[in-house]
Every structure is written in structure tokens, then in C-alpha cells.
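What follows is the content of run_28.csv, which has CSV, C-alpha atoms and all ligand atoms:
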```csv
chain,number,residue,atom,x,y,z
Z,13,MET,CA,6.9,29.3,-19.2
Z,14,GLN,CA,4.5,28.8,-16.3
Z,15,LEU,CA,5.8,26.0,-14.0
Z,16,TYR,CA,3.2,26.4,-11.3
Z,17,ASN,CA,-0.6,26.7,-11.2
Z,18,LYS,CA,-1.5,30.3,-10.5
Z,19,LEU,CA,-5.2,30.0,-10.2
Z,20,SER,CA,-6.9,29.9,-6.8
Z,21,ALA,CA,-9.0,26.8,-5.9
Z,22,LYS,CA,-12.1,29.0,-6.3
Z,23,GLU,CA,-11.2,30.2,-9.7
Z,24,ARG,CA,-10.3,26.7,-10.7
Z,25,ALA,CA,-13.7,25.4,-9.5
Z,26,ALA,CA,-15.6,28.1,-11.4
Z,27,LEU,CA,-13.7,27.2,-14.6
Z,28,ILE,CA,-14.5,23.5,-14.3
Z,29,GLU,CA,-18.1,24.2,-13.6
Z,30,GLU,CA,-18.3,26.4,-16.7
Z,31,ALA,CA,-16.6,23.9,-19.0
Z,32,GLY,CA,-19.0,21.2,-17.9
Z,33,LYS,CA,-16.6,18.6,-19.2
Z,34,ASP,CA,-16.6,15.1,-17.9
Z,35,ARG,CA,-13.4,14.2,-16.1
Z,36,LEU,CA,-11.9,10.8,-15.2
Z,37,THR,CA,-10.5,10.3,-11.7
Z,38,ILE,CA,-7.4,8.3,-12.0
Z,39,SER,CA,-4.6,7.1,-9.7
Z,40,PHE,CA,-1.4,5.2,-10.3
Z,41,TYR,CA,2.0,4.7,-8.7
Z,42,LYS,CA,5.3,3.0,-9.5
Z,43,TYR,CA,8.4,2.3,-7.5
Z,44,ALA,CA,11.4,3.0,-9.7
Z,45,HIS,CA,14.9,4.6,-9.5
Z,46,ILE,CA,14.6,8.2,-10.6
Z,47,GLY,CA,17.8,10.1,-11.0
Z,48,ASN,CA,16.5,13.6,-11.0
Z,49,PRO,CA,13.0,14.0,-9.6
Z,50,GLN,CA,12.9,17.8,-10.2
Z,51,ILE,CA,13.4,17.4,-14.0
Z,52,LEU,CA,10.6,14.8,-14.1
Z,53,ARG,CA,8.4,17.0,-12.0
Z,54,ASP,CA,8.8,20.0,-14.3
Z,55,HIS,CA,8.2,17.8,-17.4
Z,56,LEU,CA,5.0,16.3,-16.0
Z,57,PHE,CA,3.7,19.6,-14.9
Z,58,LEU,CA,4.2,21.3,-18.2
Z,59,THR,CA,2.7,18.5,-20.2
Z,60,TRP,CA,-0.2,17.8,-17.9
Z,61,ASN,CA,-1.1,21.4,-17.4
Z,62,ASP,CA,-1.6,21.7,-21.2
Z,63,LEU,CA,-3.9,18.7,-21.0
Z,64,ASP,CA,-5.9,20.3,-18.2
Z,65,VAL,CA,-5.0,17.6,-15.7
Z,66,LEU,CA,-5.7,18.3,-12.1
Z,67,GLY,CA,-4.5,16.4,-9.0
Z,68,ARG,CA,-1.8,15.7,-6.5
Z,69,ILE,CA,1.3,14.0,-7.7
Z,70,TYR,CA,4.4,13.1,-5.7
Z,71,VAL,CA,7.8,12.4,-7.4
Z,72,ALA,CA,10.8,11.0,-5.5
Z,73,THR,CA,14.0,9.1,-6.2
Z,74,GLU,CA,12.0,6.0,-5.2
Z,75,GLY,CA,9.2,6.5,-7.8
Z,76,ILE,CA,6.0,8.3,-8.5
Z,77,ASN,CA,2.5,8.4,-6.8
Z,78,ALA,CA,-0.3,10.2,-8.6
Z,79,GLN,CA,-3.9,11.0,-8.0
Z,80,LEU,CA,-5.5,13.1,-10.7
Z,81,SER,CA,-8.4,13.8,-12.9
Z,82,VAL,CA,-8.2,14.2,-16.7
Z,83,PRO,CA,-10.9,15.6,-19.1
Z,84,ALA,CA,-12.3,12.5,-20.8
Z,85,GLU,CA,-11.5,14.1,-24.2
Z,86,ASN,CA,-7.8,14.4,-23.3
Z,87,PHE,CA,-7.4,10.9,-22.0
Z,88,LYS,CA,-5.8,9.3,-25.1
Z,89,THR,CA,-3.2,12.0,-25.3
Z,90,PHE,CA,-2.5,11.7,-21.6
Z,91,LYS,CA,-2.1,7.9,-21.9
Z,92,LYS,CA,0.2,8.3,-24.9
Z,93,HIS,CA,2.4,10.7,-22.9
Z,94,LEU,CA,2.6,8.2,-20.0
Z,95,ASP,CA,3.7,5.5,-22.3
Z,96,SER,CA,6.4,7.7,-23.7
Z,97,ILE,CA,8.1,7.7,-20.3
Z,98,SER,CA,10.1,4.4,-20.1
Z,99,PHE,CA,9.3,3.4,-16.5
Z,100,LEU,CA,5.6,4.3,-16.8
Z,101,LYS,CA,5.0,2.5,-20.1
Z,102,GLY,CA,1.9,0.3,-19.5
Z,103,VAL,CA,1.6,1.3,-15.9
Z,104,ARG,CA,-1.8,0.2,-14.4
Z,105,LEU,CA,-4.2,3.1,-14.0
Z,106,ASN,CA,-6.8,2.9,-11.3
Z,107,ILE,CA,-9.9,4.6,-12.6
Z,108,ALA,CA,-12.5,5.5,-10.0
Z,109,ILE,CA,-15.9,3.9,-10.2
Z,110,GLU,CA,-17.9,6.9,-9.3
Z,111,GLN,CA,-16.7,9.8,-11.4
Z,112,ASP,CA,-16.7,13.2,-9.9
Z,113,ASN,CA,-15.8,16.4,-11.6
Z,114,MET,CA,-14.8,18.0,-8.4
Z,115,SER,CA,-12.3,15.6,-7.0
Z,116,PHE,CA,-9.4,17.9,-7.5
Z,117,LEU,CA,-9.2,21.7,-8.0
Z,118,LYS,CA,-5.6,22.2,-9.0
Z,119,LEU,CA,-2.6,20.5,-10.5
Z,120,LYS,CA,0.1,20.0,-7.9
Z,121,VAL,CA,3.3,18.1,-8.7
Z,122,LYS,CA,5.7,17.9,-5.8
Z,123,VAL,CA,9.1,16.5,-5.3
Z,124,ARG,CA,9.2,14.5,-2.0
Z,125,ASN,CA,11.7,12.3,-0.2
Z,126,LYS,CA,9.3,9.4,-0.5
Z,127,ILE,CA,6.2,8.8,-2.6
Z,128,VAL,CA,4.4,7.5,0.5
Z,129,ALA,CA,5.1,8.7,4.0
Z,130,ASP,CA,5.6,5.2,5.4
Z,131,GLY,CA,8.0,6.0,8.3
Z,132,LEU,CA,10.3,3.2,7.1
Z,133,ASN,CA,13.9,4.1,7.2
Z,134,ASP,CA,15.3,0.6,7.0
Z,135,LYS,CA,17.6,0.8,3.9
Z,136,THR,CA,18.8,-2.8,4.3
Z,137,PHE,CA,15.8,-4.3,2.5
Z,138,ASP,CA,15.2,-4.3,-1.3
Z,139,VAL,CA,11.9,-2.7,-2.0
Z,140,THR,CA,11.8,-4.3,-5.5
Z,141,ASN,CA,11.9,-7.8,-3.9
Z,142,LYS,CA,8.1,-7.8,-3.3
Z,143,GLY,CA,5.4,-10.3,-2.8
Z,144,LEU,CA,3.5,-12.1,-5.6
Z,145,HIS,CA,0.8,-10.1,-7.2
Z,146,VAL,CA,-2.6,-11.8,-7.4
Z,147,LYS,CA,-5.7,-10.7,-9.4
Z,148,ALA,CA,-9.2,-10.8,-8.0
Z,149,GLU,CA,-10.0,-14.3,-9.1
Z,150,GLU,CA,-6.9,-15.9,-7.5
Z,151,PHE,CA,-7.3,-13.7,-4.5
Z,152,ASN,CA,-10.8,-15.0,-3.9
Z,153,GLU,CA,-9.5,-18.5,-3.9
Z,154,LEU,CA,-6.5,-17.7,-1.7
Z,155,ILE,CA,-8.5,-16.1,1.0
Z,156,GLU,CA,-10.6,-19.2,1.4
Z,157,ASP,CA,-7.5,-21.4,1.9
Z,158,PRO,CA,-7.3,-22.4,5.7
Z,159,ASN,CA,-3.6,-22.0,5.4
Z,160,THR,CA,-3.9,-18.3,4.6
Z,161,ILE,CA,-3.6,-15.3,6.9
Z,162,LEU,CA,-5.3,-12.3,5.3
Z,163,VAL,CA,-4.2,-8.9,6.5
Z,164,ASP,CA,-5.6,-5.4,5.9
Z,165,MET,CA,-2.7,-3.0,5.6
Z,166,ARG,CA,-4.8,0.1,6.1
Z,167,ASN,CA,-5.5,2.1,9.2
Z,168,HIS,CA,-8.4,1.7,11.7
Z,169,TYR,CA,-10.7,4.3,10.2
Z,170,GLU,CA,-10.4,2.8,6.7
Z,171,SER,CA,-11.0,-0.8,7.6
Z,172,GLU,CA,-13.8,0.2,10.0
Z,173,ILE,CA,-16.3,1.0,7.2
Z,174,GLY,CA,-15.2,-1.8,4.8
Z,175,HIS,CA,-12.9,-4.8,4.6
Z,176,PHE,CA,-12.6,-8.3,3.1
Z,177,LYS,CA,-14.3,-11.0,5.1
Z,178,ASN,CA,-12.0,-12.9,7.5
Z,179,ALA,CA,-9.4,-10.2,7.3
Z,180,ILE,CA,-7.2,-9.2,10.2
Z,181,THR,CA,-7.7,-5.4,10.6
Z,182,PRO,CA,-5.0,-4.0,12.9
Z,183,ASP,CA,-6.2,-1.2,15.2
Z,184,VAL,CA,-3.5,1.2,14.1
Z,185,ASP,CA,-3.2,4.9,13.1
Z,186,THR,CA,-0.3,4.5,10.8
Z,187,PHE,CA,1.2,2.1,8.3
Z,188,ARG,CA,4.4,1.9,10.3
Z,189,ASP,CA,2.5,0.7,13.4
Z,190,SER,CA,0.8,-2.0,11.5
Z,191,LEU,CA,4.0,-3.4,10.1
Z,192,ASP,CA,5.4,-4.1,13.7
Z,193,ILE,CA,2.1,-5.4,15.1
Z,194,ILE,CA,1.6,-7.8,12.2
Z,195,GLU,CA,5.2,-9.1,12.4
Z,196,GLU,CA,4.9,-9.7,16.1
Z,197,ASN,CA,1.5,-11.5,15.9
Z,198,LEU,CA,2.4,-13.7,13.0
Z,199,ALA,CA,6.0,-14.5,13.9
Z,200,GLU,CA,5.4,-18.2,14.4
Z,201,HIS,CA,3.8,-18.5,11.0
Z,202,LYS,CA,6.7,-17.1,9.0
Z,203,GLU,CA,7.5,-20.3,7.2
Z,204,THR,CA,4.2,-22.2,7.3
Z,205,LYS,CA,1.3,-19.9,6.4
Z,206,LYS,CA,0.5,-17.8,3.3
Z,207,LEU,CA,0.5,-14.1,4.2
Z,208,VAL,CA,-1.9,-12.3,1.9
Z,209,MET,CA,-2.3,-8.6,2.1
Z,210,TYR,CA,-4.3,-5.8,0.5
Z,211,CYS,CA,-4.8,-2.0,0.7
Z,212,THR,CA,-6.7,0.7,-1.1
Z,213,GLY,CA,-4.8,0.9,-4.4
Z,214,GLY,CA,-1.9,-1.6,-3.8
Z,215,ILE,CA,0.9,0.9,-3.1
Z,216,ARG,CA,1.2,0.2,0.6
Z,217,CYS,CA,1.5,-3.6,-0.1
Z,218,GLU,CA,4.3,-3.0,-2.6
Z,219,LYS,CA,6.5,-1.9,0.3
Z,220,ALA,CA,4.9,-4.0,3.1
Z,221,SER,CA,5.3,-7.3,1.1
Z,222,ALA,CA,9.0,-6.5,0.5
Z,223,TYR,CA,9.4,-5.7,4.2
Z,224,TYR,CA,7.9,-9.0,5.3
Z,225,LYS,CA,10.0,-11.0,2.9
Z,226,HIS,CA,13.0,-9.2,4.3
Z,227,LYS,CA,11.8,-10.2,7.8
Z,228,GLY,CA,11.6,-13.9,6.9
Z,229,PHE,CA,8.1,-14.5,5.7
Z,230,LYS,CA,8.3,-17.2,3.0
Z,231,ASN,CA,4.9,-17.0,1.2
Z,232,VAL,CA,3.9,-13.4,0.7
Z,233,TYR,CA,1.1,-12.3,-1.7
Z,234,GLN,CA,-0.5,-9.0,-2.4
Z,235,LEU,CA,-3.7,-8.0,-4.1
Z,236,GLU,CA,-2.7,-6.3,-7.3
Z,237,GLY,CA,-4.1,-2.8,-7.6
Z,238,GLY,CA,-5.8,-3.1,-4.2
Z,239,ILE,CA,-9.5,-2.9,-3.5
Z,240,ILE,CA,-10.0,-0.4,-6.3
Z,241,GLU,CA,-8.7,-2.8,-9.0
Z,242,TYR,CA,-10.4,-5.8,-7.3
Z,243,THR,CA,-13.8,-4.1,-7.5
Z,244,ARG,CA,-13.2,-3.3,-11.2
Z,245,GLN,CA,-12.3,-7.0,-12.0
Z,246,VAL,CA,-15.3,-8.3,-9.9
Z,247,ARG,CA,-17.7,-6.2,-11.9
Z,248,ASP,CA,-16.0,-6.8,-15.3
Z,249,LYS,CA,-15.7,-10.6,-14.9
Z,250,ASN,CA,-18.8,-11.1,-12.8
Z,251,LEU,CA,-16.8,-12.7,-9.9
Z,252,GLU,CA,-18.1,-13.1,-6.4
Z,253,ASN,CA,-17.5,-10.0,-4.4
Z,254,LYS,CA,-15.9,-10.7,-1.0
Z,255,PHE,CA,-15.4,-7.2,0.1
Z,256,LEU,CA,-17.9,-5.9,2.7
Z,257,GLY,CA,-19.0,-2.3,2.9
Z,258,LYS,CA,-17.3,0.8,1.7
Z,259,ASN,CA,-13.8,1.5,0.4
Z,260,PHE,CA,-12.4,4.5,2.2
Z,261,VAL,CA,-10.9,7.1,-0.2
Z,262,PHE,CA,-8.9,10.2,0.6
Z,263,ASP,CA,-10.9,12.7,-1.4
Z,264,HIS,CA,-13.9,14.6,-0.2
Z,265,ARG,CA,-16.2,11.6,-0.9
Z,266,ARG,CA,-14.5,9.7,2.0
Z,267,GLY,CA,-15.9,6.3,0.8
Z,268,GLU,CA,-17.0,4.3,-2.2
Z,269,ARG,CA,-19.7,1.8,-1.6
Z,270,ILE,CA,-18.7,-1.7,-2.8
Z,271,SER,CA,-21.3,-3.9,-1.1
Z,272,GLU,CA,-24.6,-3.0,0.5
Z,273,ASP,CA,-23.4,-4.2,3.9
Z,274,VAL,CA,-23.1,-1.5,6.6
Z,275,ILE,CA,-20.5,-2.9,8.9
Z,276,ALA,CA,-19.8,0.3,11.0
Z,277,GLN,CA,-21.9,2.3,13.4
Z,278,CYS,CA,-22.6,5.9,14.3
Z,279,HIS,CA,-19.9,6.9,16.8
Z,280,GLN,CA,-22.5,9.0,18.7
Z,281,CYS,CA,-25.6,6.8,19.0
Z,282,GLY,CA,-24.5,3.3,17.8
Z,283,ALA,CA,-26.9,3.1,14.9
Z,284,PRO,CA,-25.7,1.2,11.8
Z,285,CYS,CA,-23.9,3.8,9.7
Z,286,ASP,CA,-20.7,4.1,7.6
Z,287,THR,CA,-20.6,7.7,6.6
Z,288,HIS,CA,-17.5,9.6,7.6
Z,289,THR,CA,-17.7,13.3,8.3
Z,290,ASN,CA,-15.4,16.0,9.8
Z,291,CYS,CA,-16.5,17.9,12.9
Z,292,ALA,CA,-17.9,21.2,11.9
Z,293,ASN,CA,-16.0,23.1,14.6
Z,294,GLU,CA,-13.0,24.4,12.6
Z,295,ALA,CA,-10.7,24.1,15.6
Z,296,CYS,CA,-11.6,20.4,15.9
Z,297,HIS,CA,-12.2,18.9,12.5
Z,298,LEU,CA,-12.2,15.3,13.9
Z,299,LEU,CA,-12.9,12.6,11.4
Z,300,PHE,CA,-15.7,10.3,12.7
Z,301,ILE,CA,-18.8,8.4,11.7
Z,302,GLN,CA,-22.1,10.2,12.2
Z,303,CYS,CA,-25.7,9.3,11.3
Z,304,GLU,CA,-28.2,11.7,9.8
Z,305,GLU,CA,-30.1,12.0,13.1
Z,306,CYS,CA,-27.0,12.8,15.1
Z,307,LYS,CA,-25.9,15.2,12.4
Z,308,THR,CA,-29.0,17.2,12.8
Z,309,LYS,CA,-29.0,17.0,16.6
Z,310,MET,CA,-25.3,17.9,17.0
Z,311,ASP,CA,-25.2,20.5,14.2
Z,312,ASN,CA,-22.5,18.4,12.4
Z,313,CYS,CA,-20.3,18.4,15.5
Z,314,CYS,CA,-18.5,15.7,17.5
Z,315,SER,CA,-19.3,16.9,21.0
Z,316,ASP,CA,-21.4,19.4,23.0
Z,317,HIS,CA,-18.3,21.5,23.4
Z,318,CYS,CA,-17.7,21.7,19.7
Z,319,LYS,CA,-21.4,22.4,19.1
Z,320,GLU,CA,-21.2,25.4,21.5
Z,321,VAL,CA,-18.0,26.7,19.9
Z,322,ASN,CA,-19.4,26.2,16.4
Z,323,ALA,CA,-22.5,28.3,17.3
Z,324,LEU,CA,-20.4,31.3,18.3
Z,325,PRO,CA,-19.9,34.1,15.8
Z,326,PHE,CA,-16.8,33.5,13.6
Z,327,GLU,CA,-14.9,36.4,15.3
Z,328,GLU,CA,-15.5,34.8,18.7
Z,329,GLN,CA,-14.2,31.5,17.4
Z,330,LYS,CA,-11.1,33.1,16.1
Z,331,LYS,CA,-10.4,34.6,19.5
Z,332,LEU,CA,-10.7,31.2,21.1
Z,333,ARG,CA,-8.3,29.7,18.7
Z,334,LYS,CA,-5.7,32.5,19.2
Z,335,GLY,CA,-2.4,31.2,20.4
Z,336,LYS,CA,-3.4,27.6,19.8
Z,337,LYS,CA,-2.0,25.5,17.0
Z,338,ALA,CA,-4.1,25.5,13.9
Z,339,SER,CA,-5.5,22.1,14.6
Z,340,ASN,CA,-7.9,22.2,11.6
Z,341,LYS,CA,-4.8,21.5,9.5
Z,342,ILE,CA,-4.2,18.3,11.3
Z,343,PHE,CA,-6.1,15.3,10.0
Z,344,LYS,CA,-7.4,13.9,13.3
Z,345,LYS,CA,-8.0,10.3,12.6
Z,346,GLY,CA,-11.2,9.3,14.3
Z,347,ARG,CA,-10.1,8.9,17.9
Z,348,SER,CA,-11.7,10.9,20.7
Z,349,GLU,CA,-13.0,10.3,24.2
Z,350,VAL,CA,-16.3,11.9,23.3
Z,351,LEU,CA,-17.1,9.2,20.8
Z,352,LYS,CA,-19.0,6.7,22.8
Z,353,PHE,CA,-19.5,4.2,20.1
Z,354,LYS,CA,-16.0,4.2,18.5
Z,355,ARG,CA,-14.8,0.6,18.8
W,401,ZN,ZN,-26.1,8.6,15.4
W,402,ZN,ZN,-15.3,18.4,17.4
```
Could I get this structure in the form of C-alpha cells?
Ligand SMILES: [Zn+2]
Ligand SMILES: [Zn+2]
Amino acid sequence: MQLYNKLSAKERAALIEEAGKDRLTISFYKYAHIGNPQILRDHLFLTWNDLDVLGRIYVATEGINAQLSVPAENFKTFKKHLDSISFLKGVRLNIAIEQDNMSFLKLKVKVRNKIVADGLNDKTFDVTNKGLHVKAEEFNELIEDPNTILVDMRNHYESEIGHFKNAITPDVDTFRDSLDIIEENLAEHKETKKLVMYCTGGIRCEKASAYYKHKGFKNVYQLEGGIIEYTRQVRDKNLENKFLGKNFVFDHRRGERISEDVIAQCHQCGAPCDTHTNCANEACHLLFIQCEECKTKMDNCCSDHCKEVNALPFEEQKKLRKGKKASNKIFKKGRSEVLKFKR
């Protein structure tokens, strides 16, 4: 019995290429009480590996969080299997708009302490006592209500390239930071205003809405399924789209375009641009926004220094990195002194 994926990423990529099968990129999550995450983990791996599922799945005592791709021809069997697991029966699947056969290269199912690293260790609140779910249509109405405060629960580099109009977009690096900032800023509105929140796929709001209710907010709403599901409903039902720009996603695409508006700018020259990239210098890897012109001029780098380093032979670069922490493993979230046009 093979419980772990033995193929390297390269071998996997070659296999997918060969097969030429169309894959569906799917994500879902569910907060639930899971007695033995390891048993669930093994069960999922064995079943999904047979179905040629690829992706990254976290299982914890608090639930499951999955991002994966399934060969289109196996989707029905996959869905049937999900429905056979009691707490996942009928779970909403977010299916990506732009399909991409290379989103994931391996199947990784991991047991974690939490399904989202949220930095929240307050065990006194009930995570199942969450805000009211609203669908796209109701959300569109709610956010026009003058009595509504609309909050983006994502981080600065996500909301920078796209957000709902009139949303508060906290300038934060982490989910934990945004919780405190929002609570502080909105303290006087706890009883009077409607607090409406959204995130990428809805999972952050599941916890945040429970947290704010716990902190005394009386009217808490959350966009069901996040921006991903909102966009699907807007297209399906021909609703007005109130999301501007791109939805930041965590795979290699970095962003899915939702509206034609470009609301961000190149961090190097200030020209309108909403394309994220990582600095080509392996030792830097900074995430930032760079236009085509700057990309050419800077050889895909974030600074003159990185450009110089990146131009050195690989062995030289390795020498320079010796003794330093492997910073290319750190996801540097778009903040650096060298970026003149980072707001
Ligand atoms: Zn530029
Ligand atoms: Zn750099």
C-alpha cells in the first residue's frame, strides 16, 4: 500500500503533459470536529491517489481545507466519494474559472494543527457561531446600504490588485493583524452597523465572523464562498459585478481577472499594472508588481542589487548565499524599501 506520492514534481509534470487530460481546479473547506485526522488523511490519500487527484490538502481536528485538481473524467467518482463522507456531503466546491492543467504537480495530504494558520489561539469563542452567509445577489444589495461597513479580510498584496468597491482594505500582512485593526476601528459601530466581510474563498470569514460576534458585533454577514463563488454567480445569473480588478490566488497564476479595471500600479515606475511577479534573484524572491517594461529593464528583478546578483554565475550566487538563511523559502509579501511605488 502506497501512502505517499513517490514521484518527483518533474516526473509528475511529464506524466500530466503526456496524458493531455483536462483537469478541473477545485477548492473546498469545512470546519467540523474530526476525531482522528490521521485516519481521514490516509483514507483521502488512498482514494484520491487512485483517481489521479493532485493538490494540497490540510486535515486537522477543526476540519479540512483542500485545493486540488481532478481529471475531468474522474470528477463524478470524486464527488460521489466526497458525498460518502458524512461531514462533506454536499460541501460547496469552488471550481476555478480559468482551468489550468499545471496548477498542482503532486498529491499532498497533511495533518496539521489547524486548517488555516490564523494565529488565533483564543479558545473561548465558538467557531461554529458564525456570521450570516449571503449570496452574490444579496451581497450586492447589502454593500449599497449606507448602514453597512464592508471589510476585505485579505492581506495588502491581495486587495491591492482587486477588491469590492467601497471596501475597507486593511494594510496588513496577516489575517491575525487585520482582526485587531478592524475591531479597534469599528468598536463604536458594534451594535449599530452591519459588518459585511469577504475573502478569497470564504474560509477566512468563517472564523473572522465568529470572532467578531464573540467580540460583540451584533450584525455580522459574510460572502458565501468568497470572491470565487461571487464571480461564478455573477456570470451564471447575469448580475452586476461589483468587484474591481483581479482576484489574487495562491497558485503560480497569482491572479484571476474579474473586471477590466487595473487598480494597482507597477511598484517600480508607477504605470498602471496588476501583474504580480517574484524577484528573479533566488536569494530575494520578493513578491511585487512589475510592468513589462520594467521587467525587461530590470531582468525580472526588484532592485539594482538583485539584478547584479542575478547576473552572476550560479556558483558565485551560491557562494554569496552561504551562511545566510534560505530566504527563497520565505514568501516575502511585497514590502521593500526599494519599491518606490508601493503604496
Ligand atoms: Zn514599471
Ligand atoms: Zn530582489
Checklist line | Shell of 10 Å around ligand ZN 402 (chain W) (all atoms listed in the file), written as a PyMOL selection string | finding: chain Z and resi 290-300+312-319+321-322+344+348+350-351
Notebook entry, point to check: Which polymer residues have any atom within 10 Å of an atom of Phe255 (chain Z), counting all atoms listed in the file, with same-chain residues fewer than 6 positions away left out, as JSON, numbers by chain?
Noted result: {"Z": [152, 174, 175, 176, 177, 178, 179, 239, 242, 243, 270, 271, 273]}
Margin query: Taking 2 positions as the minimum chain separation for residues in the same chain, which residues sit within 8 Å of region 48-57 of chain Z when counting only C-alpha atoms? Answer as a list in words.
Written below: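 Neighbouring residues, sequence-local ones excluded: Leu15, Tyr16, Ile46, Thr59, Trp60, Asn61, Val71, Ala72, Thr73, Leu119, Lys120, Val121, Lys122 and Val123 of chain Z.
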Shell of 9 Å around Arg216 (chain Z), all atoms listed in the file, local chain residues under 5 positions omitted, as a PDB file with C-alpha atoms, keeping the file's coordinate frame:
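Saved to selection_8.pdb:
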```pdb
ATOM      1  CA  VAL Z 128       4.400   7.500   0.500  1.00  0.00           C
ATOM      2  CA  ASP Z 130       5.600   5.200   5.400  1.00  0.00           C
ATOM      3  CA  MET Z 165      -2.700  -3.000   5.600  1.00  0.00           C
ATOM      4  CA  ARG Z 166      -4.800   0.100   6.100  1.00  0.00           C
ATOM      5  CA  PHE Z 187       1.200   2.100   8.300  1.00  0.00           C
ATOM      6  CA  TYR Z 210      -4.300  -5.800   0.500  1.00  0.00           C
ATOM      7  CA  CYS Z 211      -4.800  -2.000   0.700  1.00  0.00           C
ATOM      8  CA  SER Z 221       5.300  -7.300   1.100  1.00  0.00           C
TER       9      SER Z 221
END
```
Notebook entry, point to check: Can you list, as a list of chain:residue names, every protein, DNA or RNA residue that comes within 6 Å of Arg35 (chain Z) when you count all atoms listed in the file, leaving out same-chain residues fewer than 5 positions away?
Noted result: Z:Ser81, Z:Val82, Z:Pro83, Z:Ala84, Z:Asn113
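The smallest atom-to-atom distance between Tyr224 (chain Z) and any of Z:Ser190, Z:Asn77, Z:Thr308, Z:Thr181, using all atoms listed in the file, is found for Z:Ser190.
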Could you give me, as a PDB file with C-alpha atoms, in the coordinates of the input, every polymer residue with an atom at most 6 Å away from an atom of ligand ZN 401 (chain W), counting only C-alpha atoms and all ligand atoms?
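Result file is out_31.pdb:
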```
ATOM      1  CA  CYS Z 278     -22.600   5.900  14.300  1.00  0.00           C
ATOM      2  CA  GLN Z 280     -22.500   9.000  18.700  1.00  0.00           C
ATOM      3  CA  CYS Z 281     -25.600   6.800  19.000  1.00  0.00           C
ATOM      4  CA  ALA Z 283     -26.900   3.100  14.900  1.00  0.00           C
ATOM      5  CA  GLN Z 302     -22.100  10.200  12.200  1.00  0.00           C
ATOM      6  CA  CYS Z 303     -25.700   9.300  11.300  1.00  0.00           C
ATOM      7  CA  GLU Z 305     -30.100  12.000  13.100  1.00  0.00           C
ATOM      8  CA  CYS Z 306     -27.000  12.800  15.100  1.00  0.00           C
TER       9      CYS Z 306
END
```
Starting from the block above, write region 313-325 of chain Z out to a file with N, CA, C and O atoms, as a PDB file, in the first residue's frame, please.
```
ATOM      1  N   CYS Z 313      14.054  41.572 -11.928  1.00  0.00           N
ATOM      2  CA  CYS Z 313      14.482  41.751 -10.540  1.00  0.00           C
ATOM      3  C   CYS Z 313      13.817  42.969  -9.888  1.00  0.00           C
ATOM      4  O   CYS Z 313      13.301  43.850 -10.555  1.00  0.00           O
ATOM      5  N   CYS Z 314      13.893  42.999  -8.527  1.00  0.00           N
ATOM      6  CA  CYS Z 314      13.214  44.051  -7.776  1.00  0.00           C
ATOM      7  C   CYS Z 314      14.112  45.264  -7.556  1.00  0.00           C
ATOM      8  O   CYS Z 314      13.641  46.330  -7.196  1.00  0.00           O
ATOM      9  N   SER Z 315      15.431  45.093  -7.713  1.00  0.00           N
ATOM     10  CA  SER Z 315      16.359  46.192  -7.424  1.00  0.00           C
ATOM     11  C   SER Z 315      17.636  46.037  -8.249  1.00  0.00           C
ATOM     12  O   SER Z 315      17.885  44.966  -8.811  1.00  0.00           O
ATOM     13  N   ASP Z 316      18.443  47.102  -8.286  1.00  0.00           N
ATOM     14  CA  ASP Z 316      19.724  47.013  -8.994  1.00  0.00           C
ATOM     15  C   ASP Z 316      20.613  45.960  -8.352  1.00  0.00           C
ATOM     16  O   ASP Z 316      21.315  45.221  -9.028  1.00  0.00           O
ATOM     17  N   HIS Z 317      20.556  45.908  -7.021  1.00  0.00           N
ATOM     18  CA  HIS Z 317      21.371  44.926  -6.311  1.00  0.00           C
ATOM     19  C   HIS Z 317      21.004  43.508  -6.759  1.00  0.00           C
ATOM     20  O   HIS Z 317      21.875  42.703  -7.102  1.00  0.00           O
ATOM     21  N   CYS Z 318      19.702  43.211  -6.762  1.00  0.00           N
ATOM     22  CA  CYS Z 318      19.264  41.865  -7.156  1.00  0.00           C
ATOM     23  C   CYS Z 318      19.634  41.582  -8.608  1.00  0.00           C
ATOM     24  O   CYS Z 318      19.988  40.463  -8.973  1.00  0.00           O
ATOM     25  N   LYS Z 319      19.554  42.613  -9.433  1.00  0.00           N
ATOM     26  CA  LYS Z 319      19.905  42.458 -10.842  1.00  0.00           C
ATOM     27  C   LYS Z 319      21.375  42.052 -10.990  1.00  0.00           C
ATOM     28  O   LYS Z 319      21.707  41.173 -11.770  1.00  0.00           O
ATOM     29  N   GLU Z 320      22.242  42.706 -10.197  1.00  0.00           N
ATOM     30  CA  GLU Z 320      23.671  42.364 -10.234  1.00  0.00           C
ATOM     31  C   GLU Z 320      23.900  40.935  -9.775  1.00  0.00           C
ATOM     32  O   GLU Z 320      24.629  40.177 -10.414  1.00  0.00           O
ATOM     33  N   VAL Z 321      23.285  40.584  -8.648  1.00  0.00           N
ATOM     34  CA  VAL Z 321      23.460  39.232  -8.109  1.00  0.00           C
ATOM     35  C   VAL Z 321      22.960  38.195  -9.112  1.00  0.00           C
ATOM     36  O   VAL Z 321      23.615  37.188  -9.376  1.00  0.00           O
ATOM     37  N   ASN Z 322      21.794  38.491  -9.680  1.00  0.00           N
ATOM     38  CA  ASN Z 322      21.160  37.540 -10.591  1.00  0.00           C
ATOM     39  C   ASN Z 322      21.994  37.316 -11.857  1.00  0.00           C
ATOM     40  O   ASN Z 322      21.901  36.274 -12.498  1.00  0.00           O
ATOM     41  N   ALA Z 323      22.831  38.318 -12.199  1.00  0.00           N
ATOM     42  CA  ALA Z 323      23.647  38.216 -13.406  1.00  0.00           C
ATOM     43  C   ALA Z 323      24.913  37.391 -13.175  1.00  0.00           C
ATOM     44  O   ALA Z 323      25.583  36.985 -14.127  1.00  0.00           O
ATOM     45  N   LEU Z 324      25.237  37.129 -11.919  1.00  0.00           N
ATOM     46  CA  LEU Z 324      26.441  36.345 -11.613  1.00  0.00           C
ATOM     47  C   LEU Z 324      26.221  34.879 -11.985  1.00  0.00           C
ATOM     48  O   LEU Z 324      25.091  34.413 -12.014  1.00  0.00           O
ATOM     49  N   PRO Z 325      27.323  34.167 -12.253  1.00  0.00           N
ATOM     50  CA  PRO Z 325      27.173  32.724 -12.490  1.00  0.00           C
ATOM     51  C   PRO Z 325      26.565  32.058 -11.247  1.00  0.00           C
ATOM     52  O   PRO Z 325      26.763  32.532 -10.127  1.00  0.00           O
TER      53      PRO Z 325
END
```
